[in-house]
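Peer 1: Structure file query31.txt, compact mmCIF, C-alpha atoms, is pasted below:
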# COMPACT_ATOMS: atom_id res chain seq x y z
CA MET A 1 89.75 93.18 76.45
CA GLU A 2 86.56 93.51 78.51
CA ARG A 3 88.18 91.55 81.32
CA THR A 4 91.11 93.96 81.40
CA GLU A 5 88.75 96.93 81.38
CA ARG A 6 86.93 95.48 84.38
CA LEU A 7 90.25 94.98 86.15
CA SER A 8 91.20 98.61 85.62
CA ARG A 9 87.91 99.77 87.08
CA ARG A 10 88.42 97.54 90.10
CA LEU A 11 91.86 98.99 90.69
CA ALA A 12 90.46 102.49 90.47
CA ARG A 13 87.77 101.64 93.03
CA LEU A 14 90.46 100.53 95.50
CA ARG A 15 90.85 104.18 96.42
CA GLY A 16 87.51 104.01 98.14
CA ARG A 17 88.30 100.95 100.26
CA ARG A 18 90.28 102.95 102.77
CA GLY A 19 89.69 100.77 105.82
CA SER A 20 91.14 97.54 104.45
CA GLN A 21 93.94 99.32 102.64
CA ARG A 22 95.00 101.18 105.78
CA THR A 23 95.00 97.91 107.68
CA LEU A 24 97.22 96.37 105.02
CA LEU A 25 99.62 99.29 105.25
CA VAL A 26 99.80 99.01 109.05
CA VAL A 27 100.54 95.29 108.79
CA ALA A 28 103.28 95.97 106.23
CA VAL A 29 104.86 98.63 108.44
CA LEU A 30 104.79 96.31 111.47
CA ILE A 31 106.43 93.50 109.52
CA PHE A 32 109.08 95.89 108.22
CA LEU A 33 109.86 97.27 111.69
CA ALA A 34 109.97 93.78 113.24
CA ALA A 35 112.34 92.56 110.52
CA LEU A 36 114.52 95.66 110.94
CA ILE A 37 114.79 95.34 114.72
CA LEU A 38 115.35 91.58 114.79
CA SER A 39 117.97 91.67 112.05
CA TYR A 40 119.80 94.52 113.79
CA ARG A 41 119.85 92.62 117.09
CA ASN A 42 121.09 89.45 115.40
CA LEU A 43 123.80 91.03 113.28
CA PRO A 44 126.96 91.62 115.32
CA ASN A 45 129.25 94.58 114.88
CA VAL A 46 126.90 96.81 112.89
CA ILE A 47 128.90 99.92 112.04
CA LEU A 48 127.33 102.61 109.89
CA ASP A 49 129.67 103.96 107.22
CA TRP A 50 128.04 107.14 105.95
CA ARG A 51 130.26 107.31 102.89
CA TRP A 52 128.74 104.09 101.55
CA LEU A 53 125.25 105.18 102.56
CA LEU A 54 125.63 108.49 100.72
CA ILE A 55 126.61 106.57 97.61
CA THR A 56 123.45 104.49 98.08
CA ALA A 57 121.42 107.70 98.16
CA ALA A 58 123.08 109.01 95.00
CA VAL A 59 122.48 105.75 93.12
CA THR A 60 118.86 105.77 94.32
CA ALA A 61 118.37 109.15 92.66
CA VAL A 62 119.65 107.68 89.38
CA VAL A 63 117.33 104.68 89.77
CA LEU A 64 114.38 107.08 90.04
CA MET A 65 115.38 108.52 86.68
CA VAL A 66 115.41 105.02 85.21
CA ASN A 67 111.82 104.64 86.47
CA GLY A 68 111.02 107.46 84.08
CA LEU A 69 112.62 105.57 81.22
CA GLU A 70 110.38 102.62 82.07
CA TYR A 71 107.31 104.80 81.54
CA GLN A 72 108.82 106.16 78.32
CA VAL A 73 109.31 102.62 77.00
CA ALA A 74 105.76 101.67 78.05
CA GLY A 75 104.54 104.60 75.97
CA ARG A 76 106.66 103.59 72.98
CA VAL A 77 105.09 100.11 73.08
CA LEU A 78 101.75 101.84 72.39
CA GLY A 79 103.19 104.27 69.87
CA HIS A 80 103.28 107.32 72.15
CA PRO A 81 106.44 109.45 71.94
CA ILE A 82 107.16 110.70 75.48
CA GLY A 83 109.73 113.35 76.31
CA LEU A 84 112.31 112.78 79.02
CA GLY A 85 110.92 115.54 81.24
CA GLU A 86 107.43 114.09 81.27
CA ALA A 87 108.81 110.55 81.61
CA PHE A 88 110.88 111.44 84.67
CA ARG A 89 107.97 113.28 86.30
CA VAL A 90 105.52 110.41 85.82
CA GLY A 91 108.14 107.85 86.87
CA ILE A 92 108.91 109.65 90.11
CA LEU A 93 105.26 110.28 90.97
CA SER A 94 104.40 106.64 90.26
CA SER A 95 107.21 105.53 92.58
CA ALA A 96 105.81 107.77 95.30
CA ALA A 97 102.25 106.57 94.69
CA ASN A 98 103.39 102.96 94.93
CA LEU A 99 103.97 103.48 98.66
CA LEU A 100 100.31 104.37 99.26
CA PRO A 101 97.83 101.69 100.36
CA ILE A 102 96.63 101.39 96.73
CA PRO A 103 98.29 100.00 93.58
CA GLY A 104 99.64 103.51 93.00
CA ALA A 105 102.31 102.97 90.36
CA VAL A 106 99.91 100.99 88.18
CA LEU A 107 97.22 103.64 88.48
CA VAL A 108 99.55 106.58 87.78
CA ARG A 109 101.23 105.05 84.72
CA THR A 110 98.02 103.59 83.33
CA GLN A 111 96.13 106.85 83.74
CA ALA A 112 99.00 108.77 82.11
CA LEU A 113 98.90 106.45 79.08
CA LYS A 114 95.09 106.65 79.01
CA MET A 115 95.34 110.44 78.73
CA LYS A 116 97.50 109.94 75.64
CA GLY A 117 94.71 108.08 73.90
CA SER A 118 95.34 104.44 74.80
CA ARG A 119 92.60 102.25 76.18
CA TYR A 120 92.92 100.92 79.71
CA GLY A 121 93.46 97.39 78.43
CA GLU A 122 96.39 98.45 76.25
CA ALA A 123 97.87 100.56 79.04
CA PHE A 124 97.71 97.68 81.53
CA LYS A 125 99.37 95.30 79.10
CA SER A 126 102.15 97.77 78.32
CA THR A 127 102.73 98.53 82.01
CA GLY A 128 102.54 94.83 82.83
CA ALA A 129 105.19 94.09 80.20
CA ILE A 130 107.56 96.46 82.01
CA GLY A 131 106.94 94.66 85.31
CA ALA A 132 107.41 91.26 83.72
CA GLY A 133 110.65 92.45 82.14
CA TRP A 134 111.95 93.63 85.53
CA LEU A 135 111.10 90.34 87.24
CA GLY A 136 112.39 88.26 84.33
CA ILE A 137 115.75 90.03 84.15
CA SER A 138 116.14 89.89 87.95
CA LEU A 139 115.41 86.16 88.10
CA THR A 140 117.65 85.35 85.14
CA LEU A 141 120.65 87.31 86.42
CA ALA A 142 120.18 86.00 89.96
CA GLY A 143 119.93 82.45 88.64
CA LEU A 144 123.13 82.76 86.64
CA LEU A 145 124.97 84.16 89.66
CA LEU A 146 123.60 81.47 91.95
CA ALA A 147 124.74 78.80 89.51
CA LEU A 148 128.22 80.32 89.38
CA SER A 149 128.40 80.55 93.17
CA GLY A 150 127.89 76.82 93.68
CA ASN A 151 124.09 76.46 93.62
CA PRO A 152 123.47 75.06 90.12
CA LEU A 153 120.06 73.54 90.82
CA VAL A 154 118.67 76.62 92.54
CA GLY A 155 120.26 78.80 89.89
CA LEU A 156 118.71 76.76 87.12
CA GLY A 157 115.31 77.11 88.76
CA PHE A 158 115.69 80.88 88.86
CA VAL A 159 116.84 81.04 85.25
CA LEU A 160 113.90 78.95 84.07
CA ALA A 161 111.51 81.15 86.04
CA GLY A 162 113.15 84.23 84.55
CA VAL A 163 112.91 82.94 81.00
CA GLY A 164 109.26 82.07 81.58
CA THR A 165 108.57 85.56 82.90
CA LEU A 166 110.29 87.10 79.89
CA ALA A 167 108.01 85.00 77.70
CA VAL A 168 105.07 86.62 79.50
CA MET A 169 106.62 90.00 78.74
CA ILE A 170 106.79 89.18 75.03
CA THR A 171 103.16 88.01 75.06
CA LEU A 172 101.99 91.22 76.74
CA VAL A 173 103.88 93.36 74.22
CA ARG A 174 102.34 91.39 71.37
CA LEU A 175 98.84 91.81 72.84
CA ALA A 176 99.42 95.54 73.29
CA SER A 177 99.94 95.78 69.50
CA GLY A 178 103.42 97.17 69.81
CA SER A 179 106.43 96.45 67.63
CA VAL A 180 107.42 93.24 69.39
CA ALA A 181 111.14 93.02 68.59
CA SER A 182 112.08 96.67 69.16
CA SER A 183 109.77 97.07 72.18
CA CYS A 184 111.12 93.95 73.89
CA LEU A 185 114.71 95.03 73.26
CA ARG A 186 113.98 98.42 74.83
CA ILE A 187 112.38 96.80 77.87
CA VAL A 188 115.26 94.37 78.33
CA ALA A 189 117.81 97.17 77.99
CA VAL A 190 116.09 99.46 80.50
CA GLU A 191 115.42 96.69 83.00
CA THR A 192 118.98 95.39 82.78
CA VAL A 193 120.25 98.86 83.69
CA PHE A 194 117.64 99.06 86.45
CA VAL A 195 118.65 95.69 87.94
CA LEU A 196 122.37 96.48 87.77
CA LEU A 197 121.84 99.84 89.49
CA SER A 198 119.69 98.09 92.09
CA GLY A 199 122.60 95.73 92.66
CA VAL A 200 124.87 98.71 93.28
CA ARG A 201 122.33 100.03 95.81
CA VAL A 202 122.27 96.73 97.69
CA TYR A 203 126.07 96.47 97.55
CA THR A 204 126.64 99.95 98.99
CA ALA A 205 123.87 99.52 101.58
CA LEU A 206 125.45 96.27 102.82
CA HIS A 207 128.88 97.88 103.05
CA GLY A 208 127.25 100.84 104.77
CA ILE A 209 126.27 98.58 107.67
CA GLY A 210 129.64 96.83 107.80
CA VAL A 211 128.82 93.70 105.76
CA GLU A 212 131.62 92.81 103.35
CA ALA A 213 129.41 91.53 100.56
CA SER A 214 130.57 90.87 97.02
CA ALA A 215 129.03 92.37 93.91
CA THR A 216 127.71 88.91 92.99
CA GLN A 217 125.96 88.52 96.34
CA ALA A 218 124.42 91.98 96.12
CA LEU A 219 123.15 91.49 92.59
CA ALA A 220 121.56 88.18 93.50
CA LEU A 221 119.59 89.88 96.28
CA THR A 222 118.01 92.36 93.88
CA VAL A 223 115.47 89.70 92.94
CA ALA A 224 113.83 90.30 96.35
CA ALA A 225 112.47 93.68 95.27
CA ALA A 226 111.10 92.34 91.98
CA LEU A 227 109.41 89.39 93.67
CA ALA A 228 107.93 91.55 96.44
CA ASN A 229 106.46 94.03 93.98
CA ALA A 230 105.18 91.28 91.71
CA ALA A 231 103.40 89.66 94.67
CA GLY A 232 101.41 92.87 95.15
CA ILE A 233 100.52 92.02 98.76
CA PHE A 234 101.88 95.11 100.48
CA PRO A 235 102.38 98.63 99.04
CA GLY A 236 105.80 98.87 97.48
CA GLY A 237 106.58 95.36 98.75
CA LEU A 238 107.09 96.88 102.22
CA GLY A 239 108.21 94.21 104.66
CA LEU A 240 107.90 91.42 102.11
CA ARG A 241 110.99 92.54 100.19
CA GLU A 242 113.07 92.43 103.37
CA LEU A 243 111.82 88.94 104.26
CA ILE A 244 112.58 87.63 100.77
CA ALA A 245 116.06 89.17 100.91
CA GLY A 246 116.65 87.33 104.18
CA ALA A 247 115.45 84.06 102.66
CA LEU A 248 117.75 84.45 99.65
CA SER A 249 120.82 85.47 101.66
CA PRO A 250 121.97 81.96 102.74
CA LEU A 251 121.87 80.88 99.09
CA VAL A 252 124.63 83.39 98.30
CA GLY A 253 126.66 83.00 101.49
CA LEU A 254 125.22 85.82 103.59
CA SER A 255 123.44 85.62 106.92
CA VAL A 256 119.69 86.14 107.08
CA ALA A 257 120.18 89.15 109.35
CA ALA A 258 122.60 90.76 106.88
CA GLY A 259 120.19 90.36 103.98
CA VAL A 260 117.20 91.71 105.91
CA LEU A 261 119.07 94.65 107.43
CA GLY A 262 120.75 95.54 104.15
CA ALA A 263 117.39 95.57 102.35
CA ALA A 264 115.83 97.59 105.17
CA VAL A 265 118.58 100.21 105.14
CA ASP A 266 118.34 100.41 101.36
CA ARG A 267 114.57 100.91 101.78
CA LEU A 268 114.95 103.69 104.35
CA ILE A 269 117.47 105.58 102.23
CA GLY A 270 115.24 105.10 99.20
CA LEU A 271 112.25 106.58 101.06
CA ILE A 272 114.23 109.65 102.06
CA VAL A 273 115.55 110.25 98.54
CA LEU A 274 112.12 109.60 97.02
CA ALA A 275 110.48 112.08 99.39
CA LEU A 276 113.01 114.79 98.52
CA VAL A 277 112.87 114.20 94.76
CA THR A 278 109.06 114.03 94.77
CA LEU A 279 108.90 117.32 96.67
CA VAL A 280 111.14 118.94 94.07
CA VAL A 281 108.97 117.59 91.23
CA ILE A 282 105.78 118.89 92.87
CA LEU A 283 107.28 122.33 93.50
CA VAL A 284 108.58 122.59 89.94
CA ALA A 285 105.20 121.52 88.54
CA LYS A 286 103.45 124.08 90.76
CA ARG A 287 105.82 126.80 89.62
CA ASP A 288 105.18 125.92 85.99
CA ASP A 289 101.42 126.00 86.57
CA ASP A 290 101.62 129.39 88.28
CA SER A 291 103.99 131.03 85.77
CA PRO A 292 101.32 131.96 83.13
CA ALA A 293 99.26 133.67 85.82
CA ARG A 294 102.23 135.68 87.01
CA GLY A 295 103.15 136.57 83.47
CA GLY A 296 99.69 137.94 82.76
CA ALA A 297 99.45 139.97 85.95
As a first step, turn the structure in this file into structure tokens.
Peer 2:
Amino acid sequence: MERTERLSRRLARLRGRRGSQRTLLVVAVLIFLAALILSYRNLPNVILDWRWLLITAAVTAVVLMVNGLEYQVAGRVLGHPIGLGEAFRVGILSSAANLLPIPGAVLVRTQALKMKGSRYGEAFKSTGAIGAGWLGISLTLAGLLLALSGNPLVGLGFVLAGVGTLAVMITLVRLASGSVASSCLRIVAVETVFVLLSGVRVYTALHGIGVEASATQALALTVAAALANAAGIFPGGLGLRELIAGALSPLVGLSVAAGVLGAAVDRLIGLIVLALVTLVVILVAKRDDDSPARGGA
């Protein structure tokens, strides 16, 4: 417990290390831009289909709502009932904070649970269980699809890694003193929906740049986002996610350039949607804060 408390304090102090964090963000942006440009130049016949890209944007908005359900489940692990409105607000703000040169999503969700009475150690374990569930489901589904697509050994490796990660999820839930069976089922359910929607995003983004990818190929590439975020090297997995998607692409019959560009386009659309939704959340919260003052005037 003391070790986890020390970890939380270290994460909080990262806000003050602006120089190194800004450098890390610059490096991530440069890697992302280099991957985007190189993949575009190496992928022939790139044709933007805005109908598919608009669908990507719409699905992204739904995915942001599922982020709120993740926070709600994290609260339920610790015995905190959380309403949908609050869950969506915290989920969206944590997604936005995750793009800053600090571990934003962890800080936002952990602090929100701390304000509900949980200790930092419990909050970190609950939030960590959500992350482990995401990675575990992504690896397991990707492994099954890889095995079915003619890569049984690679697929088996992914499945074993996924099962091991899900075991970590169960351990974290147990340590957080939650109801293990019901909490784990909730996490698996939410993360399965999240991964499937992420697969739809990748599928529509690939078709939006003229790549005729299958649903199986798109779903297998969703593991790139989970791995990039789990690595925790760059904010939001910026740049790293695109490189991992490129590395995974040949395993499912896609070119490296297609995987990188598809992930990059998905990222850009996601940033635009996230910016708009976050702005709406901030304006609504400001209006709610100002309404008592107006009412009393």
Peer 1: Using only C-alpha atoms, tabulate the residues of segment 138-241 of chain A lying at most 9 Å from any atom of segment 118-131 of chain A, each with its closest atom pair and that distance in Å to one decimal, by chain and increasing residue number, as CSV.
Peer 2:
residue,atom,partner,partner_atom,distance
A:Leu166,CA,A:Ala129,CA,8.7
A:Val168,CA,A:Ala129,CA,7.5
A:Met169,CA,A:Ala129,CA,4.6
A:Ile170,CA,A:Ala129,CA,7.3
A:Thr171,CA,A:Ala129,CA,8.2
A:Leu172,CA,A:Lys125,CA,5.4
A:Val173,CA,A:Ala129,CA,6.2
A:Leu175,CA,A:Lys125,CA,7.2
A:Ala176,CA,A:Glu122,CA,5.1
A:Ser177,CA,A:Glu122,CA,8.1
A:Gly178,CA,A:Ser126,CA,8.6
A:Cys184,CA,A:Ala129,CA,8.7
A:Ile187,CA,A:Ile130,CA,6.4
A:Val188,CA,A:Ile130,CA,8.8
A:Glu191,CA,A:Ile130,CA,7.9
A:Ala226,CA,A:Gly131,CA,8.2
A:Asn229,CA,A:Gly131,CA,8.7
A:Ala230,CA,A:Gly131,CA,7.4
Peer 1: Counting all atoms listed in the file, which residue out of A:Leu274, A:Leu221, A:Val211, A:Ala264 sits closest to Val46 of chain A?
Peer 2: A:Val211
Peer 1: Work out how far apart atom CA of Val163 of chain A and atom CA of Leu248 of chain A are and give it in Å to one decimal.
Peer 2: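 Pair atom CA of Val163 of chain A / atom CA of Leu248 of chain A returns 19.3 Å.
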Peer 1: Quick check, in Å to one decimal: how far apart do atom CA of Val202 of chain A and atom CA of Val280 of chain A lie?
Peer 2: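 Separating atom CA of Val202 of chain A from atom CA of Val280 of chain A is a distance of 25.1 Å.
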Peer 1: Calculated over all atoms listed in the file, which of the candidates A:Leu48, A:Val66, A:Leu36, A:Leu243 has the smallest distance to Leu227 of chain A?
Peer 2: A:Leu243
Peer 1: Using only C-alpha atoms, which residues sit within 8 Å of Asp49 of chain A once same-chain residues fewer than 4 positions away are excluded, as a compact mmCIF listing (two decimals) with C-alpha atoms, in the coordinates of the input?
Peer 2:
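File produced: selection.txt:
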# COMPACT_ATOMS: atom_id res chain seq x y z
CA LEU A 53 125.25 105.18 102.56
CA HIS A 207 128.88 97.88 103.05
CA GLY A 208 127.25 100.84 104.77
CA ILE A 209 126.27 98.58 107.67
CA GLY A 210 129.64 96.83 107.80
Peer 1: Tell me which protein, DNA and RNA residues are within 12 Å of Leu261 of chain A, counting all atoms listed in the file, leaving out same-chain ones fewer than 2 positions away, and put them as a ChimeraX atom specification.
Peer 2: /A:32-44,46,48,202,205-211,239,241-246,249,254-259,263-268
Peer 1: Hey, which of A:Ser182, A:Thr278, A:Ala218, A:Val63 ends up closest to Gly79 of chain A? Count only C-alpha atoms.
Peer 2: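 Of A:Ser182, A:Thr278, A:Ala218, A:Val63, the one nearest Gly79 of chain A is A:Ser182, counting only C-alpha atoms.
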Peer 1: Can you tell me which residues surround Leu197 of chain A at a distance of at most 12 Å, considering all atoms listed in the file, apart from same-chain residues fewer than 5 positions away, and format the answer as a PyMOL selection string?
Peer 2: chain A and resi 55-67+138+190-192+202-204+215+218-219+222
Peer 1: I need the residue nearest Phe158 of chain A from this list: A:Leu141, A:Leu185, A:Ile269, A:Ala74. Use only C-alpha atoms for the distance.
Peer 2: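 Closest candidate: A:Leu141.
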Peer 1: Nearest residue to Ser94 of chain A out of A:Ala112, A:Leu144, A:Leu271, A:Val29, using all atoms listed in the file?
Peer 2: A:Ala112
Peer 1: Mind checking which residues fall within 8 Å of Leu156 of chain A, counting all atoms listed in the file, ignoring those fewer than 2 positions away in the same chain, and posting them as a list in words?
Peer 2: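 Once the nearby chain positions are removed, what remains is Gly143, Leu144, Ala147, Pro152, Leu153, Val154, Phe158, Val159 and Leu160 of chain A.
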Peer 1: Kindly indicate which residue among A:Val195, A:Ala247, A:Leu78, A:Ala181 lies nearest to Thr140 of chain A, using all atoms listed in the file for the distances.
Peer 2: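 Of all the options, A:Val195 lies closest to Thr140 of chain A.
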Peer 1: Quick one: distance from atom CA of Trp50 of chain A to atom CA of Ala213 of chain A in Å, one decimal?
Peer 2: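 Going from atom CA of Trp50 of chain A over to atom CA of Ala213 of chain A, I get 16.6 Å.
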